[in-house]
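Undergrad: Just passing along the structure, written as structure tokens.
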Amino acid sequence: MKLQQLSLFLENRPGQLREPCETLAAAGIDLLTMSLADTSNFGILRFIVRDPEAAKKVLEEAGMVVRMTEVVPVEVDNKPGGLARALAAIEDAGLGVEYMYDFGAASSGGKAAIIFRFESPDVALAALSAAGVRVLAMEELLPR
Amino acid sequence: MSTWNDPPGGFHPISAPDYLPRAQLAGIQLQRLQSVVSRAYDRQALFRGRMDERGLAPASIASLADIGKLPFTVKSDLRDTYPFGLFASPMEEIVRLHASSGTTGKPIVVAYTQADLDVWSEVMVRTFVACGLHRGDVIQNAYGYGLFTGGLGAHYGAEALGATVIPISGGNTERQLMVMQDFGVTAICCTPSYFLHLIESAKEMKIDFSKLRVGVFGAEPWSDSMRERIQEDSGIRAYDIYGLSEIIGPGVGVECFEQRGLHIFEDHFYPEIIDPETGAVLPDGSEGELVLTTLSKQAMPMIRYRTRDVTTLVSEQCACGRTLRRILRIGRRSDDMFIIRGVNVFPSQVETALLRVEGTLPHYQIVLTRDKGLDQLEVKVEVTPEAFSDEIRKLEALQHQLEASIENILGIRVKITLVGPRSLARSEGKAKRVTDLRNV
């Protein structure tokens, strides 16, 4: 199942990361997982929350530029070679990975979850299921 | 080598008008003013229309003070009549065209007859003489050659002076320094900030430039403190020159050995200072906008051209003996144009370039800095929800697209920095688009 990921533009200067985190905290919104991409000039914070619409609203009200993007949570074996096997299946399916990051909170029971950003999430979903790679649902990712 | 124009006392015969008694100079100015006003009236429809509206005719000019009655010419007049609308000579008599950048991508075109080029050479000879140069000097001309008036203007003047010219044009610091050392260069023409970069590199590369004694610097704003730094660091004398392509190019004015203001070659370019708000002529000694009239130009006479440069006209005679009035170093402008690496830039040009790129980014700020003697233009642009992407490569592609779009219009390299929404100051009324951190 696809997830809605939020991303935020950050300037490359102190305090830029704290502000959105405080805004989310004030609204009682929990960050489930996140990843920070940085260049020499700017950064992009990407994150997953339970209610992305609500989070987007409070951040935009605070004057931030927010983008919502569909990402795909993929289950991999939580042992050496687990990610490599999933990536091999993705590559064989001819899918291009824009970026990926770990969904730490879901790592349990010998399985781990990885968030993938594919160029075309719908094509990716079909290709992954055909390749026998399990895509997770939001409920399976939430901390117990 | 000793030449007849060496100090003390002597001067190049071509510089004689620099020393005319004021009354005699005024006579020449009036005669030339009447003649150029007639020419413009007969041959420039725009000027004739404005004169007719005011009920003026060339015969209305009976004294120099009558110049105050004449209509102004502004930069947009050149744009609006692009390319040849202000030409006052038939094409068969025009032997040279130059152009500078314009606000909408269209350049401003200026034209010269052979007589205009001769005047240009003459005022450049007088410029070089005022800087203490003469036959036997080896002049490295690092102003850009091409449509820009700086390169060719200095080139022909240096040749007419009888000096040896090295037409090296701008850029390529290592080659500049090799030439400077190996050819025994005694004088250099370039922007002051580029010269600072040259001497810093020369010291690093252990280049011997001990023969260099004069710098003829212009095409960008600089200060007395920068002059002191240049003179102390390099042991040369650094002279400020003034010019603009609408009038002729370099050669409108220059400092003399006294370095206390720039003498305007008043027999060819008549200066006035006006109040930029009301247009009223101000007395000498007041600060205001410099207005210039070309007294001898044929191909493209400019009557009361508003330079937008803010300065003061000094009428006290200079210790050098020249009777020509001086302007003080140009500190600021009465519009929002700025000059970077010799290129005139209006913020509206940057705006036009930004708006050409999809995902329009309306909030921007221009920051000018100086790094290693070279002026840098940075444009801070606020990201909008439409332009933002979760992918780095898309944002970087946007950045490069914006850079290319601006470079395309201005012809100089710029740096785009994407900044957060609402991070740039919003001012009430007129936005302050330019922050100049160059310390000039």
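In the structure tokens, chains take letters A, B, ... by order of appearance, with residues numbered from 1 within each chain and ligands from 1 in the order shown.
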Identify all chain A residues at most 9 Å from chain B by counting only C-alpha atoms; ligands do not count. Present them as a count of residues only.

TA: 25

Undergrad: I'd like the neighbourhood of B:Met226 as a ChimeraX atom specification, where a residue qualifies if any of its atoms comes within 10 Å (using only C-alpha atoms), though same-chain residues fewer than 4 positions away should be ignored.

TA: /B:192-193,196,222,230-232,238,439-440

Undergrad: Can you write out the residues you just picked, keeping N, CA and C atoms, as a CSV table (one decimal), in the first residue's frame?

TA:
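Listing of again12.csv after writing:
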chain,number,residue,atom,x,y,z
B,192,PRO,N,39.0,47.9,-11.4
B,192,PRO,CA,39.8,47.9,-10.2
B,192,PRO,C,39.8,46.6,-9.4
B,193,SER,N,38.6,46.0,-9.4
B,193,SER,CA,38.5,44.7,-8.6
B,193,SER,C,39.3,43.6,-9.3
B,196,LEU,N,42.9,44.1,-8.4
B,196,LEU,CA,43.3,43.6,-7.1
B,196,LEU,C,43.5,42.1,-7.2
B,222,TRP,N,34.1,52.1,-7.4
B,222,TRP,CA,35.1,51.8,-6.4
B,222,TRP,C,35.3,53.0,-5.5
B,230,ILE,N,45.0,49.5,-3.4
B,230,ILE,CA,45.7,49.2,-4.7
B,230,ILE,C,47.1,49.8,-4.8
B,231,GLN,N,47.1,51.1,-4.4
B,231,GLN,CA,48.4,51.8,-4.6
B,231,GLN,C,49.4,51.3,-3.6
B,232,GLU,N,49.0,51.0,-2.4
B,232,GLU,CA,49.9,50.4,-1.4
B,232,GLU,C,50.4,49.0,-1.7
B,238,ALA,N,46.8,54.7,-9.2
B,238,ALA,CA,45.5,54.1,-9.8
B,238,ALA,C,44.6,55.3,-10.0
B,439,ASN,N,31.5,46.7,-0.3
B,439,ASN,CA,32.4,47.7,0.4
B,439,ASN,C,33.1,48.6,-0.5
B,440,VAL,N,32.4,49.2,-1.4
B,440,VAL,CA,33.0,50.2,-2.3
B,440,VAL,C,32.7,51.6,-1.8

Undergrad: Residues near A:Phe47, anyone? I mean within 9 Å using only C-alpha atoms, not counting same-chain ones fewer than 6 positions away, as a short mmCIF file (atom, residue, chain, number, x, y, z; two decimals) with N, CA and C atoms, in the first residue's frame.

TA:
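Output (result.cif):
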data_model
loop_
_atom_site.label_atom_id
_atom_site.label_comp_id
_atom_site.auth_asym_id
_atom_site.auth_seq_id
_atom_site.Cartn_x
_atom_site.Cartn_y
_atom_site.Cartn_z
N GLN A 5 3.98 10.59 1.97
CA GLN A 5 5.14 11.15 2.67
C GLN A 5 5.08 12.67 2.54
N LEU A 6 5.51 13.36 3.58
CA LEU A 6 5.60 14.82 3.49
C LEU A 6 7.05 15.22 3.33
N SER A 7 7.32 16.24 2.54
CA SER A 7 8.69 16.78 2.49
C SER A 7 8.65 18.29 2.66
N LEU A 8 9.73 18.78 3.22
CA LEU A 8 9.85 20.19 3.60
C LEU A 8 11.15 20.75 3.04
N LEU A 31 6.30 12.10 14.68
CA LEU A 31 7.05 11.71 13.48
C LEU A 31 7.32 10.21 13.58
N LEU A 32 6.82 9.43 12.61
CA LEU A 32 7.04 7.98 12.67
C LEU A 32 8.43 7.63 12.17
N THR A 33 8.82 8.25 11.09
CA THR A 33 10.20 8.10 10.63
C THR A 33 10.52 9.28 9.72
N MET A 34 11.81 9.51 9.49
CA MET A 34 12.19 10.65 8.65
C MET A 34 13.56 10.40 8.03
N SER A 35 13.84 11.24 7.06
CA SER A 35 15.14 11.18 6.41
C SER A 35 15.48 12.60 5.96
N LEU A 36 16.75 12.96 6.09
CA LEU A 36 17.16 14.30 5.69
C LEU A 36 18.13 14.21 4.53
#

Undergrad: Write down as a list in words the residues belonging to stretch 249-365 of chain B that are assigned helix (DSSP H, G or I) by DSSP computed on the backbone.

TA: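 Secondary structure check on stretch 249-365 of chain B, helix (DSSP H, G or I): Pro347, Ser348, Gln349, Val350, Glu351, Thr352, Ala353, Leu354 and Leu355 of chain B.
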
Undergrad: Emit the selected residues as a compact mmCIF listing (two decimals), in the first residue's frame, including N, CA and C atoms.

TA:
# COMPACT_ATOMS: atom_id res chain seq x y z
N PRO B 347 17.57 45.41 -11.72
CA PRO B 347 16.91 44.27 -11.08
C PRO B 347 15.78 43.71 -11.95
N SER B 348 15.15 44.58 -12.73
CA SER B 348 14.04 44.09 -13.57
C SER B 348 14.51 43.06 -14.59
N GLN B 349 15.80 43.15 -15.00
CA GLN B 349 16.32 42.15 -15.94
C GLN B 349 16.39 40.78 -15.27
N VAL B 350 16.83 40.80 -13.99
CA VAL B 350 16.93 39.55 -13.24
C VAL B 350 15.52 38.97 -13.06
N GLU B 351 14.57 39.87 -12.78
CA GLU B 351 13.19 39.44 -12.58
C GLU B 351 12.63 38.79 -13.85
N THR B 352 12.88 39.45 -14.98
CA THR B 352 12.43 38.91 -16.26
C THR B 352 12.97 37.50 -16.46
N ALA B 353 14.26 37.34 -16.15
CA ALA B 353 14.90 36.04 -16.33
C ALA B 353 14.28 34.99 -15.42
N LEU B 354 14.00 35.37 -14.17
CA LEU B 354 13.42 34.42 -13.22
C LEU B 354 12.03 33.98 -13.69
N LEU B 355 11.28 34.94 -14.19
CA LEU B 355 9.90 34.65 -14.56
C LEU B 355 9.80 33.79 -15.82

Undergrad: With only C-alpha atoms as the atoms that count, which of A:Ala89, A:Leu95, A:Leu24, A:Ala112 lies nearest to A:Glu140?

TA: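 Once distances to A:Glu140 are computed over only C-alpha atoms, the minimum belongs to A:Ala112.
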
Undergrad: Using only C-alpha atoms, which of B:Val125, B:Ile139, B:Leu295, B:Leu177 sits nearest B:Gln31?

TA: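 Smallest separation from B:Gln31 among the options: B:Leu295.
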
Undergrad: Which is closer to B:Ser169 than all the others in B:Val37, B:Cys190, B:Met300, B:Leu402, using only C-alpha atoms?

TA: B:Cys190

Undergrad: Tell me, which residues of stretch 67-154 of chain B carry DSSP strand (DSSP E or B), written as a list in words?

TA: Thr73, Ile94, Val95, Arg96, Leu97, His98, Ala99, Ser100, Ile108, Val109, Val110, Ala111, Tyr112, Thr113, Val138, Ile139, Gln140 and Asn141 of chain B

Undergrad: Quick one: write out the picked residues with N, CA and C atoms as a tab-separated table (two decimals), in the first residue's frame?

TA:
chain	number	residue	atom	x	y	z
B	73	THR	N	17.00	63.44	-22.26
B	73	THR	CA	16.97	62.15	-22.93
B	73	THR	C	17.23	61.10	-21.84
B	94	ILE	N	28.05	55.92	-41.03
B	94	ILE	CA	28.28	55.28	-39.73
B	94	ILE	C	29.31	54.17	-39.91
B	95	VAL	N	30.39	54.26	-39.15
B	95	VAL	CA	31.47	53.30	-39.35
B	95	VAL	C	31.60	52.31	-38.19
B	96	ARG	N	30.88	52.53	-37.10
B	96	ARG	CA	31.00	51.60	-35.96
B	96	ARG	C	29.71	51.58	-35.18
B	97	LEU	N	29.34	50.38	-34.69
B	97	LEU	CA	28.22	50.23	-33.76
B	97	LEU	C	28.74	49.54	-32.50
B	98	HIS	N	28.26	50.00	-31.37
B	98	HIS	CA	28.50	49.28	-30.12
B	98	HIS	C	27.15	49.05	-29.47
B	99	ALA	N	27.11	48.19	-28.47
B	99	ALA	CA	25.84	47.93	-27.80
B	99	ALA	C	26.10	47.55	-26.35
B	100	SER	N	25.12	47.87	-25.52
B	100	SER	CA	25.20	47.43	-24.12
B	100	SER	C	23.92	46.68	-23.82
B	108	ILE	N	21.09	48.21	-26.02
B	108	ILE	CA	21.05	49.61	-26.44
B	108	ILE	C	22.16	49.78	-27.47
B	109	VAL	N	21.81	50.34	-28.62
B	109	VAL	CA	22.78	50.44	-29.71
B	109	VAL	C	23.29	51.88	-29.79
B	110	VAL	N	24.59	52.05	-29.96
B	110	VAL	CA	25.15	53.38	-30.17
B	110	VAL	C	25.99	53.36	-31.44
B	111	ALA	N	26.05	54.52	-32.13
B	111	ALA	CA	26.68	54.59	-33.44
B	111	ALA	C	27.74	55.68	-33.48
B	112	TYR	N	28.71	55.51	-34.37
B	112	TYR	CA	29.80	56.46	-34.51
B	112	TYR	C	30.09	56.72	-35.98
B	113	THR	N	30.30	57.99	-36.33
B	113	THR	CA	30.88	58.31	-37.63
B	113	THR	C	32.39	58.29	-37.45
B	138	VAL	N	53.93	50.80	-22.35
B	138	VAL	CA	53.36	49.55	-22.83
B	138	VAL	C	52.05	49.34	-22.06
B	139	ILE	N	50.94	49.47	-22.78
B	139	ILE	CA	49.62	49.46	-22.13
B	139	ILE	C	48.92	48.13	-22.37
B	140	GLN	N	48.65	47.44	-21.28
B	140	GLN	CA	47.92	46.17	-21.34
B	140	GLN	C	46.43	46.49	-21.21
B	141	ASN	N	45.70	46.28	-22.29
B	141	ASN	CA	44.28	46.65	-22.27
B	141	ASN	C	43.43	45.42	-21.96

Undergrad: What's the 10 Å shell around B:Lys203, counting only C-alpha atoms, without same-chain residues fewer than 6 positions away, as a list in words?

TA: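 Residues meeting the cut-off are Phe209, Asp233 and Ser234 of chain B.
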
Undergrad: What is the distance, in Å and to one decimal place, between atom CA of B:Gln365 and atom CA of B:Arg433?

TA: 4.9 Å

Undergrad: Counting only C-alpha atoms, what is within 8 Å of A:Leu136, bar same-chain residues fewer than 2 positions away, as a ChimeraX atom specification?

TA: /A:1,72-75,113,134,138,140-141

Undergrad: Write a file of the just-selected residues containing C-alpha atoms, as a PDB file, in the first residue's frame.

TA:
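Generated file (out10.pdb):
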ATOM      1  CA  MET A   1       0.000   0.000   0.000  1.00  0.00           C
ATOM      2  CA  VAL A  72       6.059   2.524  -0.967  1.00  0.00           C
ATOM      3  CA  PRO A  73       6.937   0.686   2.280  1.00  0.00           C
ATOM      4  CA  VAL A  74       8.608  -2.604   1.451  1.00  0.00           C
ATOM      5  CA  GLU A  75       9.218  -5.507   3.804  1.00  0.00           C
ATOM      6  CA  ALA A 113      10.498  -1.993   6.618  1.00  0.00           C
ATOM      7  CA  ARG A 134       5.718  -7.718   0.146  1.00  0.00           C
ATOM      8  CA  MET A 138       0.147   1.601   7.350  1.00  0.00           C
ATOM      9  CA  GLU A 140       1.684  -2.884  10.028  1.00  0.00           C
ATOM     10  CA  LEU A 141       4.107   0.025  10.346  1.00  0.00           C
TER      11      LEU A 141
END
